[in-house]
file run_7.cif (mmCIF, C-alpha atoms)
data_data
#
loop_
_atom_site.label_atom_id
_atom_site.label_comp_id
_atom_site.auth_asym_id
_atom_site.auth_seq_id
_atom_site.Cartn_x
_atom_site.Cartn_y
_atom_site.Cartn_z
CA GLY A 1 31.53 4.01 -27.56
CA ALA A 2 34.75 3.86 -29.56
CA GLY A 3 35.33 0.79 -31.66
CA VAL A 4 38.56 -0.83 -32.75
CA SER A 5 40.80 1.60 -34.56
CA GLN A 6 43.78 0.91 -36.79
CA SER A 7 46.46 3.06 -38.28
CA PRO A 8 47.51 3.89 -40.86
CA SER A 9 44.47 3.21 -42.97
CA ASN A 10 46.66 2.86 -46.05
CA LYS A 11 50.37 2.19 -46.39
CA VAL A 12 52.44 2.03 -49.54
CA THR A 13 56.01 0.88 -49.13
CA GLU A 14 58.91 -0.35 -51.19
CA LYS A 15 60.00 -3.95 -51.20
CA GLY A 16 62.57 -4.56 -48.47
CA LYS A 17 61.39 -1.82 -46.13
CA ASP A 18 59.95 -2.46 -42.65
CA VAL A 19 56.41 -1.44 -41.72
CA GLU A 20 54.54 -1.10 -38.43
CA LEU A 21 50.80 -1.42 -38.20
CA ARG A 22 48.94 -0.28 -35.12
CA CYS A 23 45.74 -1.52 -33.48
CA ASP A 24 43.82 0.15 -30.66
CA PRO A 25 41.27 -2.36 -29.33
CA ILE A 26 38.05 -1.57 -27.52
CA SER A 27 38.82 -0.54 -23.97
CA GLY A 28 38.59 -3.49 -21.59
CA HIS A 29 38.89 -6.15 -24.29
CA THR A 30 41.58 -8.55 -23.21
CA ALA A 31 41.67 -10.67 -26.36
CA LEU A 32 43.18 -9.24 -29.54
CA TYR A 33 43.60 -10.85 -32.94
CA TRP A 34 45.47 -9.97 -36.10
CA TYR A 35 44.23 -11.27 -39.45
CA ARG A 36 45.26 -10.81 -43.05
CA GLN A 37 42.95 -10.65 -46.05
CA ARG A 38 44.32 -10.79 -49.54
CA LEU A 39 42.30 -9.33 -52.38
CA GLY A 40 39.18 -11.41 -53.07
CA GLN A 41 40.06 -13.98 -50.45
CA GLY A 42 38.85 -14.96 -47.00
CA LEU A 43 40.32 -14.11 -43.64
CA GLU A 44 43.67 -15.56 -42.60
CA PHE A 45 44.51 -15.72 -38.88
CA LEU A 46 47.94 -14.41 -37.89
CA ILE A 47 48.26 -14.11 -34.11
CA TYR A 48 46.19 -14.01 -30.92
CA PHE A 49 46.92 -12.05 -27.74
CA GLN A 50 45.43 -12.70 -24.32
CA GLY A 51 46.45 -9.68 -22.32
CA ASN A 52 50.04 -8.95 -23.31
CA SER A 53 50.90 -12.58 -24.03
CA ALA A 54 50.61 -14.30 -27.40
CA PRO A 55 49.70 -17.95 -26.78
CA ASP A 56 48.98 -18.54 -30.46
CA LYS A 57 51.35 -17.25 -33.12
CA SER A 58 50.68 -20.13 -35.45
CA GLY A 59 49.40 -17.95 -38.28
CA LEU A 60 52.46 -15.74 -38.68
CA PRO A 61 53.69 -16.64 -42.19
CA SER A 62 57.41 -16.15 -41.58
CA ASP A 63 59.93 -14.79 -39.10
CA ARG A 64 59.67 -11.43 -40.86
CA PHE A 65 56.36 -11.00 -39.05
CA SER A 66 56.18 -10.13 -35.37
CA ALA A 67 53.68 -8.52 -33.04
CA GLU A 68 53.58 -7.16 -29.55
CA ARG A 69 50.99 -5.82 -27.20
CA THR A 70 51.53 -3.52 -24.25
CA GLY A 71 49.37 -2.42 -21.35
CA GLU A 72 46.76 -4.96 -22.41
CA SER A 73 45.82 -2.38 -24.97
CA VAL A 74 47.66 -1.23 -28.09
CA SER A 75 49.18 -3.82 -30.39
CA THR A 76 51.73 -3.38 -33.13
CA LEU A 77 52.25 -5.77 -36.04
CA THR A 78 55.68 -5.39 -37.62
CA ILE A 79 56.64 -6.73 -41.01
CA GLN A 80 60.38 -6.63 -41.74
CA ARG A 81 61.89 -6.63 -45.22
CA THR A 82 58.48 -6.47 -46.86
CA GLN A 83 57.78 -8.52 -49.97
CA GLN A 84 55.17 -8.00 -52.64
CA GLU A 85 53.21 -11.01 -51.40
CA ASP A 86 52.72 -9.17 -48.10
CA SER A 87 50.31 -6.81 -49.87
CA ALA A 88 46.93 -7.27 -48.22
CA VAL A 89 44.49 -5.73 -45.78
CA TYR A 90 45.60 -6.35 -42.21
CA LEU A 91 42.68 -6.52 -39.81
CA CYS A 92 42.67 -6.33 -36.05
CA ALA A 93 39.83 -7.57 -33.84
CA SER A 94 39.23 -7.55 -30.10
CA SER A 95 36.87 -9.31 -27.75
CA LEU A 96 36.19 -9.79 -24.06
CA GLU A 97 37.87 -12.71 -22.38
CA ARG A 98 35.41 -15.43 -21.62
CA ARG A 99 36.44 -18.28 -19.41
CA LEU A 100 33.01 -19.64 -18.51
CA ALA A 101 31.13 -22.19 -20.58
CA GLY A 102 28.96 -20.57 -23.18
CA PRO A 103 29.04 -19.11 -26.67
CA GLN A 104 32.19 -17.61 -27.98
CA GLU A 105 32.60 -13.94 -27.43
CA THR A 106 31.92 -11.69 -30.38
CA GLN A 107 34.94 -10.22 -32.11
CA TYR A 108 34.79 -6.59 -33.15
CA PHE A 109 36.91 -5.66 -36.12
CA GLY A 110 38.74 -2.50 -37.01
CA PRO A 111 38.61 -0.99 -40.50
CA GLY A 112 41.94 -2.53 -41.45
CA THR A 113 45.22 -1.25 -42.83
CA ARG A 114 45.58 -1.63 -46.57
CA LEU A 115 49.24 -2.45 -47.26
CA LEU A 116 50.72 -2.24 -50.73
CA VAL A 117 54.30 -3.34 -51.29
CA LEU A 118 55.74 -2.11 -54.57
CA ASP B 1 36.24 -26.63 -36.93
CA ALA B 2 33.67 -27.91 -39.43
CA LYS B 3 33.80 -26.64 -42.99
CA THR B 4 30.96 -24.72 -44.57
CA THR B 5 29.65 -24.40 -48.12
CA GLN B 6 27.96 -21.24 -49.36
CA PRO B 7 26.88 -20.05 -52.80
CA THR B 8 29.41 -17.72 -54.36
CA SER B 9 26.93 -14.96 -55.07
CA MET B 10 23.27 -13.99 -54.79
CA ASP B 11 21.06 -11.08 -55.78
CA CYS B 12 18.04 -9.80 -53.89
CA ALA B 13 15.60 -7.00 -54.65
CA GLU B 14 15.55 -4.09 -52.26
CA GLY B 15 12.80 -4.45 -49.66
CA ARG B 16 12.57 -8.21 -50.06
CA ALA B 17 13.84 -10.82 -47.64
CA ALA B 18 17.33 -12.08 -48.42
CA ASN B 19 17.82 -15.74 -47.57
CA LEU B 20 21.43 -16.89 -47.48
CA PRO B 21 22.01 -20.63 -47.17
CA CYS B 22 24.95 -22.42 -45.58
CA ASN B 23 25.72 -26.13 -45.49
CA HIS B 24 27.73 -27.53 -42.59
CA SER B 25 27.08 -31.24 -42.81
CA THR B 26 30.06 -32.20 -40.62
CA ILE B 27 29.09 -29.96 -37.72
CA SER B 28 29.60 -31.53 -34.32
CA GLY B 29 27.37 -31.27 -31.28
CA ASN B 30 29.19 -28.46 -29.52
CA GLU B 31 29.87 -26.26 -32.55
CA TYR B 32 28.07 -22.98 -32.96
CA VAL B 33 27.02 -21.42 -36.26
CA TYR B 34 28.19 -17.82 -36.67
CA TRP B 35 27.49 -15.29 -39.39
CA TYR B 36 29.62 -12.26 -40.16
CA ARG B 37 29.49 -9.87 -43.08
CA GLN B 38 32.00 -7.59 -44.70
CA ILE B 39 30.95 -4.48 -46.52
CA HIS B 40 33.40 -3.29 -49.15
CA SER B 41 36.54 -1.72 -47.67
CA GLN B 42 35.43 -2.33 -44.09
CA GLY B 43 36.32 -4.90 -41.42
CA PRO B 44 34.04 -7.89 -40.83
CA GLN B 45 30.92 -7.26 -38.76
CA TYR B 46 29.26 -9.79 -36.46
CA ILE B 47 25.63 -10.52 -37.35
CA ILE B 48 24.26 -13.43 -35.33
CA HIS B 49 25.08 -16.86 -33.94
CA GLY B 50 23.24 -19.94 -32.73
CA LEU B 51 23.64 -23.52 -31.55
CA LYS B 52 20.42 -25.34 -32.39
CA ASN B 53 17.50 -23.01 -31.76
CA ASN B 54 16.47 -20.36 -34.23
CA GLU B 55 17.73 -16.92 -33.27
CA THR B 56 16.64 -13.39 -34.08
CA ASN B 57 18.18 -10.03 -33.37
CA GLU B 58 17.85 -6.51 -34.71
CA MET B 59 19.87 -7.36 -37.79
CA ALA B 60 18.75 -10.79 -38.89
CA SER B 61 17.25 -14.18 -38.15
CA LEU B 62 19.11 -17.47 -38.14
CA ILE B 63 17.25 -20.66 -38.96
CA ILE B 64 19.10 -23.90 -38.15
CA THR B 65 17.70 -27.20 -39.40
CA GLU B 66 16.81 -29.84 -36.85
CA ASP B 67 19.77 -32.02 -37.86
CA ARG B 68 22.00 -28.89 -37.75
CA LYS B 69 23.57 -29.76 -41.09
CA SER B 70 22.50 -26.48 -42.66
CA SER B 71 21.31 -23.03 -41.75
CA THR B 72 19.83 -19.94 -43.38
CA LEU B 73 20.52 -16.33 -42.56
CA ILE B 74 17.51 -14.13 -43.23
CA LEU B 75 17.67 -10.37 -43.70
CA PRO B 76 13.96 -9.56 -43.51
CA HIS B 77 13.85 -6.31 -45.49
CA ALA B 78 17.05 -5.95 -47.46
CA THR B 79 18.40 -2.47 -48.14
CA LEU B 80 21.17 -1.32 -50.44
CA ARG B 81 23.44 -1.07 -47.38
CA ASP B 82 23.16 -4.83 -46.94
CA THR B 83 25.25 -5.39 -50.06
CA ALA B 84 28.27 -7.25 -48.68
CA VAL B 85 30.05 -10.59 -48.49
CA TYR B 86 28.40 -12.84 -45.92
CA TYR B 87 30.43 -15.48 -44.11
CA CYS B 88 29.04 -18.56 -42.38
CA ILE B 89 31.36 -20.17 -39.84
CA VAL B 90 31.00 -23.11 -37.48
CA ARG B 91 33.28 -23.13 -34.47
CA THR B 92 34.09 -25.23 -31.47
CA PRO B 93 34.26 -23.35 -28.18
CA ASN B 94 37.90 -22.69 -27.31
CA PHE B 95 37.85 -20.65 -24.20
CA GLY B 96 40.34 -17.92 -24.83
CA ASN B 97 41.55 -18.24 -28.39
CA GLU B 98 38.57 -17.71 -30.64
CA LYS B 99 40.42 -17.21 -33.89
CA LEU B 100 38.17 -17.00 -36.91
CA THR B 101 38.70 -18.55 -40.30
CA PHE B 102 36.59 -17.24 -43.15
CA GLY B 103 36.17 -18.82 -46.53
CA THR B 104 35.14 -16.78 -49.54
CA GLY B 105 31.51 -16.39 -48.40
CA THR B 106 28.47 -15.31 -50.40
CA ARG B 107 28.59 -11.99 -52.21
CA LEU B 108 25.08 -10.56 -51.74
CA THR B 109 24.03 -7.75 -54.05
CA ILE B 110 20.86 -5.83 -53.27
CA ILE B 111 19.22 -4.60 -56.45
CA PRO B 112 17.31 -1.27 -56.34
#

call {"tool": "encode", "arguments": {"input": "run_7.cif", "output": "structure tokens"}}
result
Amino acid sequence: GAGVSQSPSNKVTEKGKDVELRCDPISGHTALYWYRQRLGQGLEFLIYFQGNSAPDKSGLPSDRFSAERTGESVSTLTIQRTQQEDSAVYLCASSLERRLAGPQETQYFGPGTRLLVL
Amino acid sequence: DAKTTQPTSMDCAEGRAANLPCNHSTISGNEYVYWYRQIHSQGPQYIIHGLKNNETNEMASLIITEDRKSSTLILPHATLRDTAVYYCIVRTPNFGNEKLTFGTGTRLTIIP
């Protein structure tokens, strides 16, 4: 079946412009995560959605970053007034909700959006 | 979540078993050990996880020491496509928010 998809795959923008990154999770996955990965570094959590709500936004680095999710499906990460330090790969992952005791549910990642701010 | 320590890089000959170690000496009783990998220019990919018993699936085997302070991921017959960065994570169950935090992992290079 279809995996997690993200668009665009690459985005080059000028400093100060706004960008929107899109994530289409696996159908039926209620949990959705946004991460950032700078060149040569590990994964940095940004925000978590359960359904259309975001109970954990603790990873958003500044108020220039925001995200929404609609229809318990598509999510959009928006970066306003982009800065050069925002350059990174932005990864989206989704998983099934699991409320019973047991191992954590596997997260499936999209291919990422490579953002370059000039 | 407990921290993990992995070697920065490793090489392995094609066709041989690749053994990737991970130390997690501060792991607590209810934390699971997870392994993901990331092939160049792709998103991370789940490999395997375990609590205290050894686990095997179609991709790999996970060997966890009896004291659970370390583990080894084994790719039994490495191929060139297994060249990737491998991440070992230990995580406490948090029903709902399962956010992942990766360190820099082990860069595994499979040599032809």

call {"tool": "residues_around", "arguments": {"input": "run_7.cif", "residues": "Asp56 (chain A)", "least_positions_apart": "5", "cutoff": "9 Å", "atoms": "all atoms listed in the file", "output": "ChimeraX atom specification"}}
result
/A:46-49 /B:97

call {"tool": "resolve_selection", "arguments": {"input": "run_7.cif", "expression": "the PyMOL selection byres ((chain B) within 9 of (chain A))", "output": "VMD selection string"}}
result
chain B and resid 32 41 to 46 49 to 51 87 91 to 105

call {"tool": "residues_around", "arguments": {"input": "run_7.cif", "residues": "Cys88 (chain B)", "least_positions_apart": "4", "cutoff": "7 Å", "atoms": "only C-alpha atoms", "output": "ChimeraX atom specification"}}
result
/B:4,22,34-36,105

call {"tool": "resolve_selection", "arguments": {"input": "run_7.cif", "expression": "the PyMOL selection byres ((chain A and resi 117) around 8)", "output": "JSON, numbers by chain"}}
result
{"A": [12, 13, 14, 15, 82, 83, 84, 85, 86, 87, 115, 116, 118]}

call {"tool": "resolve_selection", "arguments": {"input": "run_7.cif", "expression": "the PyMOL selection byres ((chain B and resi 68) around 9)", "output": "MDAnalysis selection string"}}
result
chainID B and resid 24:25 27:29 51:52 64:67 69:71
